[in-house]
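Everything below concerns the one structure shown next.
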Amino acid sequence: MLEIQELHKHFGPIQAVRGVSFQVEKGEVLGFLGPNGAGKSTTMRMITGFLPPTSGTARLNGHDITDDAVEAKRQIGYLPENAPAYGDMTVTNFLRFIAEVRGFSGKDRDLRVDAAIEKARLSSVRHQTIGTLSKGYRQRVCFSQAILHDPPVLIMDEPTDGLDPNQKHLVRNMIREMASRKAIVISTHILEEVEAVCSRAIIIANGRIVANGSPAELKARSNLHGAVELTVKQPEEAIYRELSGLPSAARVEQDGPQYTIYPRNPERLFTDVTQLVRQHDWHPTGLKHIEGRLEDVFRELTLGPDTSNRLN
Amino acid sequence: MDCLHNTKAIIKRELKSYFESPIAYVFLVVFLMLTAFLTFMVGRYYENGQADLRAFFWWHPWVYLILVPAAAMRLWAEERRSGTIELLLTLPVTLSQAILGKFLAAWTFLAIALVLTFPVILTTYYLGSPDSGVILCGYIGSFFLAGTYLSVGMLTSAMTRNQVISFVVSVLACLFLLLAGWPPVTDFLVRAAQDSPALQWILQAVSSLSFMPHFENIQRGVVAVRDWVYFISIMAFMLFATHLVLENRKAS
Ligand SMILES: Nc1ncnc2c1ncn2[C@@H]1O[C@H](COP(=O)(O)OP(=O)(O)OP(=O)(O)O)[C@@H](O)[C@H]1O
Ligand SMILES: [Mg+2]
């Protein structure tokens, strides 16, 4: 569906993107993560044909964005960063314009516009001028613009930026609902969103891909993955000693009545700790198996020593 | 066929956005009042004792000098400032279609302004029996002159995100193209450069770039191919330059 090969983009001395390749198939929702300035938006702008790549290319449904741009652009719905839209138009007129450029006319056009307004829940503001809408509504107008023609590829740069929690939930549900019929790429800084909607995530830093896998696989790269959190009524020196003595434990951290046991052998640790708890009279009040957090993996992978993508 | 609907959609949107903002009406009122004032008061239309529109068209290059850059400054600068250019150029349109769509929309708007000057013609027909061919030529010449100014304004609009800068640069550029061939200026310069044939040659080359001689030819009802070729090639060149500028700077 979407194939990206060795994309590079240089802005003078700044190498914003350096060799990004990946594929997204129908049915996948790819989360595009990375710190500020990592090159997410630049990559998306190249995929959608706004910026010409310095080298490399993207193919959408078999159409090359550099050689066959117009046909390739037909395959895409794009929500740019900051959701730009013509401020002097009403919501309906704006969507009509988009529909017309995309080749719908007459009744067909009006049906598309109505459906898009319905989906993004914009009925109450459909005759309002876009410039007078709140940020969240503007975001939704731009979102409805992207899905109006039911594109096979959907590219969204921070789609939930500026939305209230209800709207975030709504947008995520819509993405999940559309997922089976489309190839979707979203960039985001909200890691819980990745776990909520993405089937795969790519982390980029300094214009390069540093991780590519399902959210579960990425979490498995966290050093907390497989750790166990034990809370007891009365902390004791003996508990610490016993836990540290486990062969499957790497080390133990204590914070009041709460012990965090880092794994040496993530598969065995939980069983071992449970056994210990059962043998002793520690009065546990909580026992938790930790999967690891994306946030930790993200920090580990993107806080490398080379945090600048400028040429020196 | 297929590629036409999106250019058409862009033309429609642009035209609508002129008329949905107060700018269009301010523009039209200023244009009509200015041309009427200059024709009837300054141009001493009535005292000429002739039923023709020479006094009317004579002012057009000067009125356009201010008003056309004002109508053009928004075209790309605003798209770039607000980021909608990213939306527009990721729709299934080519850059040329987008440029052409915007240009044709703005030109249509100027044509509407020109058509609304019809009371002047009615007055002329009421006062006497003017040469209709000359009037028609005058209008067509004025229309092409407006398009040429517009193409300059479109280029400066593509070069910046700031409408005011676009306006100022485009007024200066148009002023240069105007004065370079305006008889009072060229006569003065030619006299000054009397002794140096090389300088005279350069002056002639520069003044041949000017709108003015071509506009005046058409005004006089002289229908020469080279005047049309001039207007069309300046417009084509400016649109091409706009294409280059946007291609290289649309994201910055
Ligand atoms: N038009 C441009 N001219 C020069 N440099 C640019 C341009 N656009 C982006 N850059 C640079 O490219 C790098 C990547 O920017 P990009 O916008 O892709 O980051 P991002 O990953 O989207 O960040 P964020 O999370 O803040 O949105 C940055 O260093 C930025 O300064
Ligand atoms: Mg970004």
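Just remember, in the structure tokens the first chain shown is A, the second B, etc., residues are 1-based per chain, and ligands are 1-based in the order shown.
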Chain A residues near chain B within 7 Å, closest pair each, using only C-alpha atoms, as JSON lines:
```
{"residue": "A:Thr48", "atom": "CA", "partner": "B:Thr90", "partner_atom": "CA", "distance": 6.0}
{"residue": "A:Gly49", "atom": "CA", "partner": "B:Thr90", "partner_atom": "CA", "distance": 5.9}
{"residue": "A:Phe50", "atom": "CA", "partner": "B:Thr90", "partner_atom": "CA", "distance": 5.7}
{"residue": "A:Val70", "atom": "CA", "partner": "B:Pro92", "partner_atom": "CA", "distance": 4.8}
{"residue": "A:Glu71", "atom": "CA", "partner": "B:Pro92", "partner_atom": "CA", "distance": 7.0}
{"residue": "A:Lys73", "atom": "CA", "partner": "B:Pro92", "partner_atom": "CA", "distance": 5.1}
{"residue": "A:Arg74", "atom": "CA", "partner": "B:Pro92", "partner_atom": "CA", "distance": 5.5}
{"residue": "A:Pro84", "atom": "CA", "partner": "B:Thr84", "partner_atom": "CA", "distance": 5.1}
{"residue": "A:Ala85", "atom": "CA", "partner": "B:Thr84", "partner_atom": "CA", "distance": 5.7}
{"residue": "A:Tyr86", "atom": "CA", "partner": "B:Thr84", "partner_atom": "CA", "distance": 6.6}
{"residue": "A:Phe97", "atom": "CA", "partner": "B:Ala9", "partner_atom": "CA", "distance": 6.4}
{"residue": "A:Glu100", "atom": "CA", "partner": "B:Ala9", "partner_atom": "CA", "distance": 5.8}
{"residue": "A:Val101", "atom": "CA", "partner": "B:Asn6", "partner_atom": "CA", "distance": 4.3}
{"residue": "A:Arg102", "atom": "CA", "partner": "B:Pro92", "partner_atom": "CA", "distance": 6.7}
{"residue": "A:Gly103", "atom": "CA", "partner": "B:His5", "partner_atom": "CA", "distance": 6.5}
```
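The residue set within 6 Å of segment 26-28 of chain A, counting only C-alpha atoms and dropping same-chain residues fewer than 5 places from it, reads Ala179, Ser180, Arg181, Lys182, Ala183 and Ser199 of chain A.
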Export, as a PDB file, in the first residue's frame, the selected residues with all heavy atoms.
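Writing the result to again-v1.pdb gives the following:
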```pdb
ATOM      1  N   ALA A 179      -9.320   1.381  10.292  1.00  0.00           N
ATOM      2  CA  ALA A 179      -8.025   0.717  10.131  1.00  0.00           C
ATOM      3  C   ALA A 179      -8.069  -0.478   9.192  1.00  0.00           C
ATOM      4  O   ALA A 179      -7.154  -0.673   8.390  1.00  0.00           O
ATOM      5  CB  ALA A 179      -7.490   0.296  11.486  1.00  0.00           C
ATOM      6  N   SER A 180      -9.126  -1.267   9.244  1.00  0.00           N
ATOM      7  CA  SER A 180      -9.118  -2.507   8.482  1.00  0.00           C
ATOM      8  C   SER A 180      -9.137  -2.237   6.974  1.00  0.00           C
ATOM      9  O   SER A 180      -8.736  -3.068   6.180  1.00  0.00           O
ATOM     10  CB  SER A 180     -10.320  -3.353   8.873  1.00  0.00           C
ATOM     11  OG  SER A 180     -11.489  -2.645   8.563  1.00  0.00           O
ATOM     12  N   ARG A 181      -9.603  -1.042   6.568  1.00  0.00           N
ATOM     13  CA  ARG A 181      -9.748  -0.775   5.149  1.00  0.00           C
ATOM     14  C   ARG A 181      -8.636   0.095   4.581  1.00  0.00           C
ATOM     15  O   ARG A 181      -8.636   0.403   3.401  1.00  0.00           O
ATOM     16  CB  ARG A 181     -11.096  -0.067   4.905  1.00  0.00           C
ATOM     17  CG  ARG A 181     -12.294  -0.966   5.155  1.00  0.00           C
ATOM     18  CD  ARG A 181     -13.578  -0.182   5.056  1.00  0.00           C
ATOM     19  NE  ARG A 181     -13.820   0.647   6.234  1.00  0.00           N
ATOM     20  CZ  ARG A 181     -14.014   1.951   6.202  1.00  0.00           C
ATOM     21  NH1 ARG A 181     -13.981   2.580   5.066  1.00  0.00           N
ATOM     22  NH2 ARG A 181     -14.229   2.632   7.316  1.00  0.00           N
ATOM     23  N   LYS A 182      -7.726   0.546   5.435  1.00  0.00           N
ATOM     24  CA  LYS A 182      -6.745   1.531   4.964  1.00  0.00           C
ATOM     25  C   LYS A 182      -5.360   1.243   5.518  1.00  0.00           C
ATOM     26  O   LYS A 182      -5.206   0.475   6.464  1.00  0.00           O
ATOM     27  CB  LYS A 182      -7.139   2.934   5.472  1.00  0.00           C
ATOM     28  CG  LYS A 182      -8.464   3.428   4.998  1.00  0.00           C
ATOM     29  CD  LYS A 182      -8.660   4.850   5.472  1.00  0.00           C
ATOM     30  CE  LYS A 182     -10.094   5.297   5.300  1.00  0.00           C
ATOM     31  NZ  LYS A 182     -10.567   5.180   3.932  1.00  0.00           N
ATOM     32  N   ALA A 183      -4.391   1.888   4.916  1.00  0.00           N
ATOM     33  CA  ALA A 183      -3.068   1.947   5.514  1.00  0.00           C
ATOM     34  C   ALA A 183      -2.960   3.328   6.157  1.00  0.00           C
ATOM     35  O   ALA A 183      -3.153   4.333   5.492  1.00  0.00           O
ATOM     36  CB  ALA A 183      -1.997   1.774   4.450  1.00  0.00           C
ATOM     37  N   SER A 199      -0.926  -0.529  15.383  1.00  0.00           N
ATOM     38  CA  SER A 199      -0.520  -1.925  15.358  1.00  0.00           C
ATOM     39  C   SER A 199       0.996  -2.016  15.289  1.00  0.00           C
ATOM     40  O   SER A 199       1.572  -3.058  15.571  1.00  0.00           O
ATOM     41  CB  SER A 199      -1.153  -2.639  14.169  1.00  0.00           C
ATOM     42  OG  SER A 199      -0.832  -1.957  12.982  1.00  0.00           O
TER      43      SER A 199
END
```
(Q) To test your reading of the structure, identify every residue in segment 2-225 of chain B that backbone DSSP assigns to helix (DSSP H, G or I), and report it as a ChimeraX atom specification. (A) /B:2-20,22-42,46-48,54-58,60-72,74-82,84-88,95-115,118-127,132-159,163-179,183-192,197-208,212-219,225
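With only C-alpha atoms and all ligand atoms as the atoms that count, the minimum distance from ligand 2 to the choices A:Leu33, A:Met1, A:Val20, A:Leu7 is reached by A:Leu33.
Per DSSP on the backbone, strand (DSSP E) in segment 89-184 of chain A comprises Val153, Leu154, Ile155, Met156, Asp157, Ala183 and Ile184 of chain A.
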Can you spit out the residues from that selection as a PDB file, in the first residue's frame, using all heavy atoms?
```
ATOM      1  N   VAL A 153      -4.913   5.425   1.644  1.00  0.00           N
ATOM      2  CA  VAL A 153      -3.793   5.746   2.539  1.00  0.00           C
ATOM      3  C   VAL A 153      -4.133   7.029   3.291  1.00  0.00           C
ATOM      4  O   VAL A 153      -4.552   8.016   2.695  1.00  0.00           O
ATOM      5  CB  VAL A 153      -2.487   5.968   1.738  1.00  0.00           C
ATOM      6  CG1 VAL A 153      -1.356   6.355   2.682  1.00  0.00           C
ATOM      7  CG2 VAL A 153      -2.126   4.722   0.955  1.00  0.00           C
ATOM      8  N   LEU A 154      -3.966   6.985   4.599  1.00  0.00           N
ATOM      9  CA  LEU A 154      -4.296   8.135   5.421  1.00  0.00           C
ATOM     10  C   LEU A 154      -3.055   8.533   6.207  1.00  0.00           C
ATOM     11  O   LEU A 154      -2.458   7.703   6.902  1.00  0.00           O
ATOM     12  CB  LEU A 154      -5.427   7.744   6.374  1.00  0.00           C
ATOM     13  CG  LEU A 154      -6.225   8.846   7.052  1.00  0.00           C
ATOM     14  CD1 LEU A 154      -6.730   9.852   6.051  1.00  0.00           C
ATOM     15  CD2 LEU A 154      -7.393   8.229   7.806  1.00  0.00           C
ATOM     16  N   ILE A 155      -2.653   9.789   6.055  1.00  0.00           N
ATOM     17  CA  ILE A 155      -1.452  10.267   6.733  1.00  0.00           C
ATOM     18  C   ILE A 155      -1.820  11.439   7.604  1.00  0.00           C
ATOM     19  O   ILE A 155      -2.367  12.431   7.116  1.00  0.00           O
ATOM     20  CB  ILE A 155      -0.389  10.663   5.696  1.00  0.00           C
ATOM     21  CG1 ILE A 155      -0.116   9.423   4.871  1.00  0.00           C
ATOM     22  CG2 ILE A 155       0.863  11.221   6.369  1.00  0.00           C
ATOM     23  CD1 ILE A 155       1.159   9.336   4.208  1.00  0.00           C
ATOM     24  N   MET A 156      -1.566  11.320   8.900  1.00  0.00           N
ATOM     25  CA  MET A 156      -2.023  12.370   9.802  1.00  0.00           C
ATOM     26  C   MET A 156      -0.894  12.794  10.735  1.00  0.00           C
ATOM     27  O   MET A 156      -0.326  11.984  11.455  1.00  0.00           O
ATOM     28  CB  MET A 156      -3.223  11.872  10.598  1.00  0.00           C
ATOM     29  CG  MET A 156      -4.385  11.516   9.695  1.00  0.00           C
ATOM     30  SD  MET A 156      -5.898  11.221  10.575  1.00  0.00           S
ATOM     31  CE  MET A 156      -5.686   9.514  10.973  1.00  0.00           C
ATOM     32  N   ASP A 157      -0.602  14.083  10.699  1.00  0.00           N
ATOM     33  CA  ASP A 157       0.471  14.619  11.534  1.00  0.00           C
ATOM     34  C   ASP A 157      -0.152  15.172  12.812  1.00  0.00           C
ATOM     35  O   ASP A 157      -0.794  16.213  12.782  1.00  0.00           O
ATOM     36  CB  ASP A 157       1.214  15.719  10.751  1.00  0.00           C
ATOM     37  CG  ASP A 157       2.628  15.929  11.257  1.00  0.00           C
ATOM     38  OD1 ASP A 157       2.936  15.437  12.354  1.00  0.00           O
ATOM     39  OD2 ASP A 157       3.410  16.589  10.544  1.00  0.00           O
ATOM     40  N   ALA A 183      -4.391   1.888   4.916  1.00  0.00           N
ATOM     41  CA  ALA A 183      -3.068   1.947   5.514  1.00  0.00           C
ATOM     42  C   ALA A 183      -2.960   3.328   6.157  1.00  0.00           C
ATOM     43  O   ALA A 183      -3.153   4.333   5.492  1.00  0.00           O
ATOM     44  CB  ALA A 183      -1.997   1.774   4.450  1.00  0.00           C
ATOM     45  N   ILE A 184      -2.701   3.356   7.456  1.00  0.00           N
ATOM     46  CA  ILE A 184      -2.745   4.635   8.176  1.00  0.00           C
ATOM     47  C   ILE A 184      -1.401   4.915   8.833  1.00  0.00           C
ATOM     48  O   ILE A 184      -0.785   4.021   9.420  1.00  0.00           O
ATOM     49  CB  ILE A 184      -3.865   4.609   9.249  1.00  0.00           C
ATOM     50  CG1 ILE A 184      -5.212   4.314   8.591  1.00  0.00           C
ATOM     51  CG2 ILE A 184      -3.910   5.922  10.018  1.00  0.00           C
ATOM     52  CD1 ILE A 184      -6.384   4.272   9.543  1.00  0.00           C
TER      53      ILE A 184
END
```
Q: Counting only C-alpha atoms and all ligand atoms, name the residues that have an atom within 9 Å of an atom of ligand 1; the answer should be given as an MDAnalysis selection string.
A: (chainID A and resid 9:17 33:45 51 81 157:158 187:189 204:207 308:310) or (chainID B and resid 249:252)
Just N, CA, C and O atoms for this one: save the residues we selected as a short mmCIF file (atom, residue, chain, number, x, y, z; two decimals), in the first residue's frame.
```cif
data_model
loop_
_atom_site.label_atom_id
_atom_site.label_comp_id
_atom_site.auth_asym_id
_atom_site.auth_seq_id
_atom_site.Cartn_x
_atom_site.Cartn_y
_atom_site.Cartn_z
N LYS A 9 16.20 14.07 3.19
CA LYS A 9 15.89 15.48 2.93
C LYS A 9 16.91 16.36 3.62
O LYS A 9 17.10 16.26 4.83
N HIS A 10 17.54 17.19 2.83
CA HIS A 10 18.49 18.16 3.39
C HIS A 10 17.93 19.55 3.20
O HIS A 10 17.44 19.88 2.13
N PHE A 11 17.99 20.36 4.26
CA PHE A 11 17.70 21.79 4.12
C PHE A 11 19.03 22.50 4.32
O PHE A 11 19.42 22.71 5.47
N GLY A 12 19.72 22.83 3.26
CA GLY A 12 21.05 23.42 3.43
C GLY A 12 21.89 22.49 4.28
O GLY A 12 22.03 21.32 3.96
N PRO A 13 22.43 23.01 5.38
CA PRO A 13 23.30 22.16 6.20
C PRO A 13 22.52 21.19 7.10
O PRO A 13 23.11 20.31 7.70
N ILE A 14 21.21 21.37 7.20
CA ILE A 14 20.44 20.51 8.11
C ILE A 14 20.02 19.25 7.38
O ILE A 14 19.37 19.32 6.33
N GLN A 15 20.39 18.10 7.93
CA GLN A 15 19.92 16.85 7.35
C GLN A 15 18.70 16.42 8.15
O GLN A 15 18.84 15.77 9.19
N ALA A 16 17.54 16.80 7.69
CA ALA A 16 16.32 16.57 8.48
C ALA A 16 15.94 15.10 8.46
O ALA A 16 15.49 14.56 9.47
N VAL A 17 16.07 14.45 7.32
CA VAL A 17 15.72 13.03 7.20
C VAL A 17 16.88 12.34 6.50
O VAL A 17 17.34 12.80 5.47
N LEU A 33 6.79 7.99 15.81
CA LEU A 33 7.19 8.69 17.02
C LEU A 33 8.58 9.27 16.88
O LEU A 33 9.39 8.80 16.09
N GLY A 34 8.87 10.24 17.72
CA GLY A 34 10.20 10.82 17.71
C GLY A 34 10.17 12.15 18.40
O GLY A 34 9.12 12.80 18.45
N PRO A 35 11.31 12.58 18.94
CA PRO A 35 11.34 13.86 19.64
C PRO A 35 11.12 15.03 18.68
O PRO A 35 11.12 14.84 17.46
N ASN A 36 10.94 16.22 19.20
CA ASN A 36 10.76 17.41 18.36
C ASN A 36 11.96 17.55 17.43
O ASN A 36 13.10 17.39 17.85
N GLY A 37 11.66 17.85 16.18
CA GLY A 37 12.74 18.05 15.22
C GLY A 37 13.36 16.76 14.71
O GLY A 37 14.38 16.79 14.02
N ALA A 38 12.74 15.62 14.99
CA ALA A 38 13.31 14.34 14.55
C ALA A 38 13.17 14.15 13.05
O ALA A 38 13.92 13.39 12.45
N GLY A 39 12.20 14.82 12.45
CA GLY A 39 12.00 14.68 11.01
C GLY A 39 10.68 14.00 10.65
O GLY A 39 10.49 13.58 9.52
N LYS A 40 9.77 13.92 11.60
CA LYS A 40 8.48 13.27 11.32
C LYS A 40 7.69 14.05 10.28
O LYS A 40 7.25 13.49 9.27
N SER A 41 7.49 15.33 10.54
CA SER A 41 6.68 16.12 9.61
C SER A 41 7.35 16.19 8.25
O SER A 41 6.68 16.13 7.22
N THR A 42 8.66 16.33 8.24
CA THR A 42 9.37 16.40 6.97
C THR A 42 9.16 15.11 6.17
O THR A 42 8.90 15.16 4.96
N THR A 43 9.24 13.96 6.84
CA THR A 43 9.00 12.69 6.15
C THR A 43 7.58 12.66 5.59
O THR A 43 7.37 12.30 4.43
N MET A 44 6.61 13.06 6.40
CA MET A 44 5.23 13.04 5.93
C MET A 44 5.03 13.99 4.76
O MET A 44 4.28 13.70 3.82
N ARG A 45 5.70 15.14 4.80
CA ARG A 45 5.57 16.09 3.68
C ARG A 45 6.15 15.52 2.40
O ARG A 45 5.68 15.85 1.31
N LEU A 51 6.89 18.22 -0.23
CA LEU A 51 8.31 18.50 -0.39
C LEU A 51 8.93 17.47 -1.31
O LEU A 51 8.68 16.28 -1.15
N GLU A 81 0.37 19.07 9.84
CA GLU A 81 0.60 19.57 11.19
C GLU A 81 -0.11 20.91 11.34
O GLU A 81 -0.15 21.71 10.42
N ASP A 157 -0.60 14.08 10.70
CA ASP A 157 0.47 14.62 11.53
C ASP A 157 -0.15 15.17 12.81
O ASP A 157 -0.79 16.21 12.78
N GLU A 158 0.03 14.47 13.89
CA GLU A 158 -0.54 14.82 15.20
C GLU A 158 -2.04 15.09 15.13
O GLU A 158 -2.50 16.19 15.39
N SER A 187 1.46 10.51 13.28
CA SER A 187 2.56 10.89 14.16
C SER A 187 1.94 11.41 15.43
O SER A 187 0.83 11.96 15.42
N THR A 188 2.61 11.21 16.53
CA THR A 188 2.04 11.65 17.79
C THR A 188 3.13 11.76 18.85
O THR A 188 4.18 11.16 18.73
N HIS A 189 2.83 12.59 19.86
CA HIS A 189 3.71 12.64 21.03
C HIS A 189 3.05 11.97 22.22
O HIS A 189 3.60 11.96 23.31
N ILE A 204 11.71 7.55 15.32
CA ILE A 204 12.84 8.13 14.60
C ILE A 204 13.50 9.20 15.46
O ILE A 204 12.87 9.86 16.28
N ALA A 205 14.80 9.29 15.31
CA ALA A 205 15.57 10.32 16.01
C ALA A 205 16.64 10.80 15.06
O ALA A 205 17.26 10.00 14.36
N ASN A 206 16.81 12.10 15.00
CA ASN A 206 17.80 12.70 14.10
C ASN A 206 17.65 12.22 12.67
O ASN A 206 18.63 11.98 11.99
N GLY A 207 16.43 12.04 12.23
CA GLY A 207 16.20 11.67 10.84
C GLY A 207 16.44 10.21 10.51
O GLY A 207 16.42 9.85 9.34
N SER A 308 21.83 16.11 17.84
CA SER A 308 21.66 17.16 16.85
C SER A 308 21.80 16.56 15.46
O SER A 308 22.65 15.72 15.22
N ASN A 309 20.92 17.01 14.55
CA ASN A 309 21.05 16.49 13.20
C ASN A 309 21.68 17.53 12.28
O ASN A 309 21.55 17.48 11.09
N ARG A 310 22.34 18.49 12.89
CA ARG A 310 23.04 19.47 12.05
C ARG A 310 24.45 18.98 11.77
O ARG A 310 25.09 18.38 12.62
N ARG B 249 10.59 27.29 -2.78
CA ARG B 249 10.46 27.92 -1.48
C ARG B 249 9.11 27.68 -0.81
O ARG B 249 8.77 28.35 0.15
N LYS B 250 8.34 26.74 -1.30
CA LYS B 250 6.99 26.63 -0.76
C LYS B 250 6.96 26.26 0.71
O LYS B 250 6.05 26.61 1.43
N ALA B 251 7.98 25.57 1.16
CA ALA B 251 7.94 25.11 2.55
C ALA B 251 8.60 26.09 3.51
O ALA B 251 8.49 25.93 4.71
N SER B 252 9.29 27.08 3.00
CA SER B 252 10.04 27.91 3.95
C SER B 252 9.33 29.22 4.27
O SER B 252 8.34 29.54 3.69
#
```
**Q.** Gap from atom CA of Ile98 of chain A to atom CA of Leu239 of chain B - Å, one decimal
**A.**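 Interatomic distance here is 24.1 Å.
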Shell of 7 Å around Gly136 of chain A, only C-alpha atoms, local chain residues under 3 positions omitted, as an mmCIF file with all heavy atoms, in the first residue's frame:
```cif
data_model
loop_
_atom_site.group_PDB
_atom_site.id
_atom_site.type_symbol
_atom_site.label_atom_id
_atom_site.label_comp_id
_atom_site.auth_asym_id
_atom_site.auth_seq_id
_atom_site.Cartn_x
_atom_site.Cartn_y
_atom_site.Cartn_z
ATOM 1 N N GLN A 139 -9.152 21.529 13.919
ATOM 2 C CA GLN A 139 -8.475 20.250 13.754
ATOM 3 C C GLN A 139 -9.438 19.227 13.136
ATOM 4 O O GLN A 139 -9.085 18.481 12.231
ATOM 5 C CB GLN A 139 -8.005 19.771 15.139
ATOM 6 C CG GLN A 139 -7.194 18.513 15.126
ATOM 7 C CD GLN A 139 -5.729 18.789 14.855
ATOM 8 O OE1 GLN A 139 -5.281 19.920 14.941
ATOM 9 N NE2 GLN A 139 -4.989 17.758 14.509
ATOM 10 N N ARG A 140 -10.676 19.256 13.621
ATOM 11 C CA ARG A 140 -11.647 18.285 13.100
ATOM 12 C C ARG A 140 -12.063 18.603 11.670
ATOM 13 O O ARG A 140 -12.349 17.706 10.884
ATOM 14 C CB ARG A 140 -12.866 18.254 14.015
ATOM 15 C CG ARG A 140 -12.634 17.341 15.201
ATOM 16 C CD ARG A 140 -13.348 17.811 16.423
ATOM 17 N NE ARG A 140 -14.786 17.694 16.327
ATOM 18 C CZ ARG A 140 -15.617 18.140 17.267
ATOM 19 N NH1 ARG A 140 -15.123 18.725 18.341
ATOM 20 N NH2 ARG A 140 -16.899 17.990 17.135
ATOM 21 N N GLY A 162 -4.478 19.199 20.390
ATOM 22 C CA GLY A 162 -5.451 20.253 20.662
ATOM 23 C C GLY A 162 -6.874 19.783 20.869
ATOM 24 O O GLY A 162 -7.773 20.600 20.995
ATOM 25 N N LEU A 163 -7.094 18.481 20.897
ATOM 26 C CA LEU A 163 -8.457 17.992 21.117
ATOM 27 C C LEU A 163 -8.690 17.724 22.604
ATOM 28 O O LEU A 163 -7.765 17.373 23.339
ATOM 29 C CB LEU A 163 -8.680 16.689 20.339
ATOM 30 C CG LEU A 163 -8.608 16.788 18.818
ATOM 31 C CD1 LEU A 163 -8.957 15.455 18.185
ATOM 32 C CD2 LEU A 163 -9.558 17.863 18.314
#
```
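Ranking A:Arg221, A:Lys135, A:Arg109, A:Arg172 by their shortest atom-to-atom distance to Ala83 of chain A, with only C-alpha atoms included, puts A:Lys135 first.
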Q) What lies within 12 Å of Gln275 of chain A using only C-alpha atoms, ignoring chain neighbours under 4 positions off, as a list in words? A)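 Close residues of Gln275 of chain A: Glu242, Leu243, Leu246, Arg268, Leu269, Phe270, Thr271, Gln279, His280, Asp281, Trp282 and Leu287 of chain A.
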Residue selection dump (C-alpha atoms) as a short mmCIF file (atom, residue, chain, number, x, y, z; two decimals), in the first residue's frame:
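Writing the result to out06.cif gives the following:
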```cif
data_model
loop_
_atom_site.label_atom_id
_atom_site.label_comp_id
_atom_site.auth_asym_id
_atom_site.auth_seq_id
_atom_site.Cartn_x
_atom_site.Cartn_y
_atom_site.Cartn_z
CA GLU A 242 15.34 -12.71 49.99
CA LEU A 243 14.25 -10.89 46.81
CA LEU A 246 16.61 -14.75 43.61
CA ARG A 268 10.90 -16.76 35.46
CA LEU A 269 10.87 -13.75 37.73
CA PHE A 270 7.16 -13.46 38.37
CA THR A 271 6.80 -17.15 39.28
CA GLN A 279 6.51 -19.29 51.49
CA HIS A 280 6.84 -16.29 53.81
CA ASP A 281 4.46 -14.39 55.93
CA TRP A 282 4.99 -10.94 54.31
CA LEU A 287 1.77 -7.79 43.32
#
```
Q.
Let me make sure I understand: among A:Asp161, A:Asp272, A:Glu236, A:Glu295, which one has the smallest atom-to-atom distance to ligand 2 if we use only C-alpha atoms and all ligand atoms?
A. A:Asp161
Q: Compare A:Glu6, A:Asp110, A:Glu300, A:Glu25 by their minimum atom-to-atom distance to Pro152 of chain A, counting only C-alpha atoms, and give me the closest one.
A: A:Glu25
Q: Excluding Pro284 of chain A and residues on its chain fewer than 6 positions from it, collect all residues at most 8 Å away from it, counting only C-alpha atoms, and give them as an MDAnalysis selection string.
A: chainID A and resid 230:233 277
Q: Report the distance between atom CA of Met159 of chain B and atom CA of Ala173 of chain B in Å, rounded to one decimal place.
A: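 Result for atom CA of Met159 of chain B versus atom CA of Ala173 of chain B: 13.4 Å, one decimal.
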(Q) Could you check the closest approach to ligand 2 for each of A:Asn82, A:Asn61, A:Ser248, A:Thr160 and tell me which residue wins, using only C-alpha atoms and all ligand atoms? (A)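 Smallest separation from ligand 2 among the options: A:Asn82.
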Q: List the neighbours of His60 of chain B out to 12 Å using only C-alpha atoms; skip same-chain residues closer than 3 positions along the sequence, and give me the result as a ChimeraX atom specification.
A: /B:31-32,34-36,38-39,43,53-57,63-68,113-114,117,138-139,141-146,149,178,211-212,215-216,219
Near Ser207 of chain B, counting only C-alpha atoms, which residues have an atom at most 9 Å away, once you skip same-chain residues fewer than 5 positions from it, shown as a short mmCIF file (atom, residue, chain, number, x, y, z; two decimals) with N, CA and C atoms, in the first residue's frame?
```cif
data_model
loop_
_atom_site.label_atom_id
_atom_site.label_comp_id
_atom_site.auth_asym_id
_atom_site.auth_seq_id
_atom_site.Cartn_x
_atom_site.Cartn_y
_atom_site.Cartn_z
N LEU B 177 8.62 49.02 -14.88
CA LEU B 177 8.20 48.58 -16.22
C LEU B 177 7.36 49.65 -16.91
N LEU B 178 6.72 50.46 -16.10
CA LEU B 178 5.88 51.51 -16.65
C LEU B 178 6.74 52.68 -17.11
N LEU B 179 7.58 53.18 -16.22
CA LEU B 179 8.37 54.38 -16.51
C LEU B 179 9.41 54.13 -17.58
N ALA B 180 9.89 52.92 -17.64
CA ALA B 180 10.95 52.61 -18.61
C ALA B 180 10.51 52.93 -20.02
N GLY B 181 9.21 52.97 -20.25
CA GLY B 181 8.76 53.24 -21.62
C GLY B 181 7.78 54.39 -21.71
N TRP B 182 7.72 55.17 -20.65
CA TRP B 182 6.76 56.29 -20.65
C TRP B 182 7.40 57.46 -21.37
N THR B 186 11.35 58.55 -21.19
CA THR B 186 12.28 58.08 -22.23
C THR B 186 12.82 59.25 -23.04
N ILE B 202 20.96 50.69 -25.04
CA ILE B 202 20.51 50.08 -23.78
C ILE B 202 19.16 50.64 -23.37
N MET B 212 4.32 50.31 -21.59
CA MET B 212 3.70 51.53 -22.07
C MET B 212 3.53 51.62 -23.58
N PRO B 213 4.62 51.45 -24.37
CA PRO B 213 4.45 51.60 -25.82
C PRO B 213 3.41 50.63 -26.37
#
```
Q. Between atom CA of Phe22 of chain A and atom CA of Ser222 of chain A, what is the distance, to one decimal in Å?
A.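 Separation between atom CA of Phe22 of chain A and atom CA of Ser222 of chain A: 22.8 Å.
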